[in-house]
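J.: Dropping the structure in here first, questions after.
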Amino acid sequence: MSIIVTADSILETADGNEKPGILSRIFSGFFSYVFHPVFVPLYITSFLLYVHPSAFSGFSLAQKKQTLLIIAFNIVFFPLVSVLLLRAVGFISSLYLRTQRDRIIPYIASGIFFFWAYLVFKNQPQYPLLLTTYILGIFLASSVALIANIYFKISMHAIGMGGWIGLFLVIAYTNSMLMTWPLSIVLLISGIVCTSRLLSRNHDTKDIYTGLLVGLLTQFAAAVFVL
């Protein structure tokens, strides 16, 4: 979190109307795109599929690819298409969802897709509970974010990273895998991503810290319900 605090102190000393420099835009843009919250479920599912020693034990390579495709379509592709369609018909002003108003319908649409994916995995017991827990967690996070969006522009990137940290803490709690190095890496990535959002002037520290907290707590709530 010290990375975020350092970035915030830099922003506080700068002119509020000054645009970020070219290096700041490149840095923030790269990490904001690579670790966009819509892609985070793919990274987490890939971790459970190919790194976690027991989550998908007994699954063939074809079954693992099928699982990744299910996640890609339901949690990545459909939300992205929804945003594209909303922009095409003029319901939102930008694909970047820069305003709170633009985020309302995408939050609702994504929540529907997340809940549908949760029901699919919940009713197929061959899938590990860790995956079901994560999907329920992101549904809860999108629901909380929809409510928070009424009052301020909570950071979706921070929610995504908070959920990533939360799931890894849940895995550590289950003692199903040594999580020292995965948790260290995701904490570093979270700091970089959140710093990127501050440097881009898209959010303030309240948006970032609240997003991290929402992502973290909703994963804990999902774990209590599912595990």
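Naming works like this for the structure tokens: A, B, ... for the chains as they're shown, residue 1 at the start of each chain, ligands 1 onward in shown order.
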Excluding Ile92 (chain A) and any residue of its chain fewer than 2 positions from it, enumerate the residues within 12 Å of it, using only C-alpha atoms, and give them as a list in words.

T.: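 The filter keeps Ser82, Val83, Leu84, Leu85, Leu86, Arg87, Ala88, Val89, Gly90, Ser94, Leu95, Tyr96, Leu97, Arg98, Thr99, Gln100, Arg101, Asp102, Arg103, Ile104, Ile105 and Pro106 of chain A.
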
J.: Leaving out Lys64 (chain A) and any residue of its chain fewer than 6 positions from it, which residues lie within 10 Å of it when counting only C-alpha atoms, given as a list in words?

T.: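 Residues meeting the cut-off are Thr45, Ser46, Leu48, Leu49, Tyr50, Phe56, Ser57, Gly58 and Ile70 of chain A.
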
J.: Can you spit out the residues from that selection as a compact mmCIF listing (two decimals), in the first residue's frame, using N, CA and C atoms?

T.:
# COMPACT_ATOMS: atom_id res chain seq x y z
N THR A 45 -8.64 -17.81 -12.89
CA THR A 45 -9.04 -19.15 -13.31
C THR A 45 -7.85 -19.92 -13.84
N SER A 46 -6.98 -19.26 -14.58
CA SER A 46 -5.77 -19.92 -15.09
C SER A 46 -4.88 -20.37 -13.94
N LEU A 48 -5.91 -21.22 -10.90
CA LEU A 48 -6.54 -22.39 -10.29
C LEU A 48 -6.39 -23.63 -11.17
N LEU A 49 -6.45 -23.42 -12.48
CA LEU A 49 -6.37 -24.55 -13.41
C LEU A 49 -4.98 -25.14 -13.51
N TYR A 50 -3.97 -24.27 -13.61
CA TYR A 50 -2.65 -24.74 -14.00
C TYR A 50 -1.56 -24.56 -12.95
N PHE A 56 -8.10 -28.39 -9.54
CA PHE A 56 -8.67 -29.09 -10.70
C PHE A 56 -7.99 -30.44 -10.93
N SER A 57 -7.60 -31.07 -9.86
CA SER A 57 -7.00 -32.40 -9.99
C SER A 57 -8.05 -33.37 -10.55
N GLY A 58 -7.65 -34.19 -11.49
CA GLY A 58 -8.57 -35.12 -12.12
C GLY A 58 -9.18 -34.59 -13.40
N ILE A 70 -15.50 -21.30 -20.70
CA ILE A 70 -16.75 -20.93 -20.03
C ILE A 70 -16.58 -19.59 -19.31

J.: Give the helix (DSSP H, G or I) residues of region 1-215 of chain A, as assigned by DSSP on the backbone, as an MDAnalysis selection string.

T.: chainID A and resid 2:13 22:34 40:50 61:88 100:122 129:148 156:174 180:199 205:215

J.: Ranking A:Ala158, A:Ile138, A:Leu130, A:Val193 by minimum distance to Tyr33 (chain A) and counting only C-alpha atoms, which one comes first?

T.: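 For Tyr33 (chain A), the nearest of the candidates is A:Val193.
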
J.: Which one of A:Leu42, A:Val81, A:Leu129, A:Ala148 sits closest to Lys65 (chain A) if you count only C-alpha atoms?

T.: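 With only C-alpha atoms as the atom set, the closest residue is A:Leu42.
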
J.: Could you give me, as a list in words, the residues within 7 Å of Ser196 (chain A), counting only C-alpha atoms and dropping anything in the same chain fewer than 5 positions from it?

T.: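 Neighbouring residues, sequence-local ones excluded: Phe27, Ser28, Phe31 and Ser32 of chain A.
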
J.: Env of Ser190 (chain A): 8 Å cut, atoms = only C-alpha atoms, seq-sep filter 4 positions within chain, self excluded. Answer as a PyMOL selection string.

T.: chain A and resi 158+161-162+186+194

J.: Just the residues within 10 Å of Gly166 (chain A), please, counting only C-alpha atoms, with nothing from its chain fewer than 6 positions along; format it as an mmCIF file with N, CA and C atoms, in the first residue's frame.

T.:
data_model
loop_
_atom_site.group_PDB
_atom_site.id
_atom_site.type_symbol
_atom_site.label_atom_id
_atom_site.label_comp_id
_atom_site.auth_asym_id
_atom_site.auth_seq_id
_atom_site.Cartn_x
_atom_site.Cartn_y
_atom_site.Cartn_z
ATOM 1 N N TYR A 134 -15.103 -17.719 -5.879
ATOM 2 C CA TYR A 134 -14.621 -16.513 -6.539
ATOM 3 C C TYR A 134 -15.715 -15.860 -7.383
ATOM 4 N N GLY A 137 -18.162 -14.178 -5.303
ATOM 5 C CA GLY A 137 -17.541 -12.966 -4.768
ATOM 6 C C GLY A 137 -17.582 -11.804 -5.740
ATOM 7 N N GLY A 160 -11.342 -5.247 -8.627
ATOM 8 C CA GLY A 160 -10.793 -6.468 -9.223
ATOM 9 C C GLY A 160 -9.562 -6.961 -8.495
ATOM 10 N N ALA A 172 -5.066 -19.409 1.069
ATOM 11 C CA ALA A 172 -4.078 -19.572 2.134
ATOM 12 C C ALA A 172 -4.734 -20.097 3.404
ATOM 13 N N LEU A 183 0.767 -14.681 -3.279
ATOM 14 C CA LEU A 183 0.195 -13.528 -2.590
ATOM 15 C C LEU A 183 1.125 -12.322 -2.685
ATOM 16 N N LEU A 212 -10.659 -1.586 -3.114
ATOM 17 C CA LEU A 212 -9.888 -2.714 -2.575
ATOM 18 C C LEU A 212 -10.644 -3.404 -1.444
ATOM 19 N N LEU A 213 -11.234 -2.608 -0.563
ATOM 20 C CA LEU A 213 -11.964 -3.162 0.579
ATOM 21 C C LEU A 213 -13.190 -3.947 0.119
ATOM 22 N N VAL A 214 -13.919 -3.420 -0.857
ATOM 23 C CA VAL A 214 -15.103 -4.115 -1.375
ATOM 24 C C VAL A 214 -14.705 -5.449 -2.000
ATOM 25 N N GLY A 215 -13.672 -5.444 -2.845
ATOM 26 C CA GLY A 215 -13.227 -6.687 -3.472
ATOM 27 C C GLY A 215 -12.782 -7.715 -2.445
ATOM 28 N N LEU A 216 -12.075 -7.253 -1.424
ATOM 29 C CA LEU A 216 -11.565 -8.145 -0.382
ATOM 30 C C LEU A 216 -12.702 -8.749 0.438
ATOM 31 N N LEU A 217 -13.586 -7.902 0.944
ATOM 32 C CA LEU A 217 -14.638 -8.367 1.850
ATOM 33 C C LEU A 217 -15.677 -9.243 1.152
ATOM 34 N N THR A 218 -15.967 -8.951 -0.119
ATOM 35 C CA THR A 218 -16.953 -9.775 -0.823
ATOM 36 C C THR A 218 -16.416 -11.183 -1.081
ATOM 37 N N GLN A 219 -15.107 -11.330 -1.259
ATOM 38 C CA GLN A 219 -14.542 -12.663 -1.392
ATOM 39 C C GLN A 219 -14.623 -13.418 -0.064
ATOM 40 N N PHE A 220 -14.385 -12.705 1.036
ATOM 41 C CA PHE A 220 -14.513 -13.348 2.348
ATOM 42 C C PHE A 220 -15.964 -13.776 2.595
ATOM 43 N N ALA A 221 -16.916 -12.913 2.226
ATOM 44 C CA ALA A 221 -18.340 -13.240 2.415
ATOM 45 C C ALA A 221 -18.719 -14.446 1.577
ATOM 46 N N ALA A 223 -16.741 -16.827 0.591
ATOM 47 C CA ALA A 223 -16.110 -18.016 1.160
ATOM 48 C C ALA A 223 -16.898 -18.563 2.349
#

J.: To one decimal place, how far is CA of Gln126 (chain A) from CA of Phe77 (chain A) in Å?

T.: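 Going from CA of Gln126 (chain A) over to CA of Phe77 (chain A), I get 23.8 Å.
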
J.: Counting only C-alpha atoms, figure out which residue out of A:Ile44, A:Ser54, A:Ile26, A:Ser93 gets nearest to Met177 (chain A).

T.: A:Ser54

J.: Would you list the contacts of Pro128 (chain A) as a ChimeraX atom specification, taking every protein, DNA or RNA residue within 9 Å and counting only C-alpha atoms, but skipping same-chain residues closer than 4 positions in sequence?

T.: /A:55-56,121,132-133

J.: Hey, which of A:Ile71, A:Met179, A:Ile185, A:Leu146 ends up closest to Pro53 (chain A)? Count only C-alpha atoms.

T.: A:Met179

J.: So, with only C-alpha atoms as the atoms that count, which of A:Ala109, A:Ile22, A:Val144, A:Ala72 lies closest to Thr210 (chain A)?

T.: A:Val144
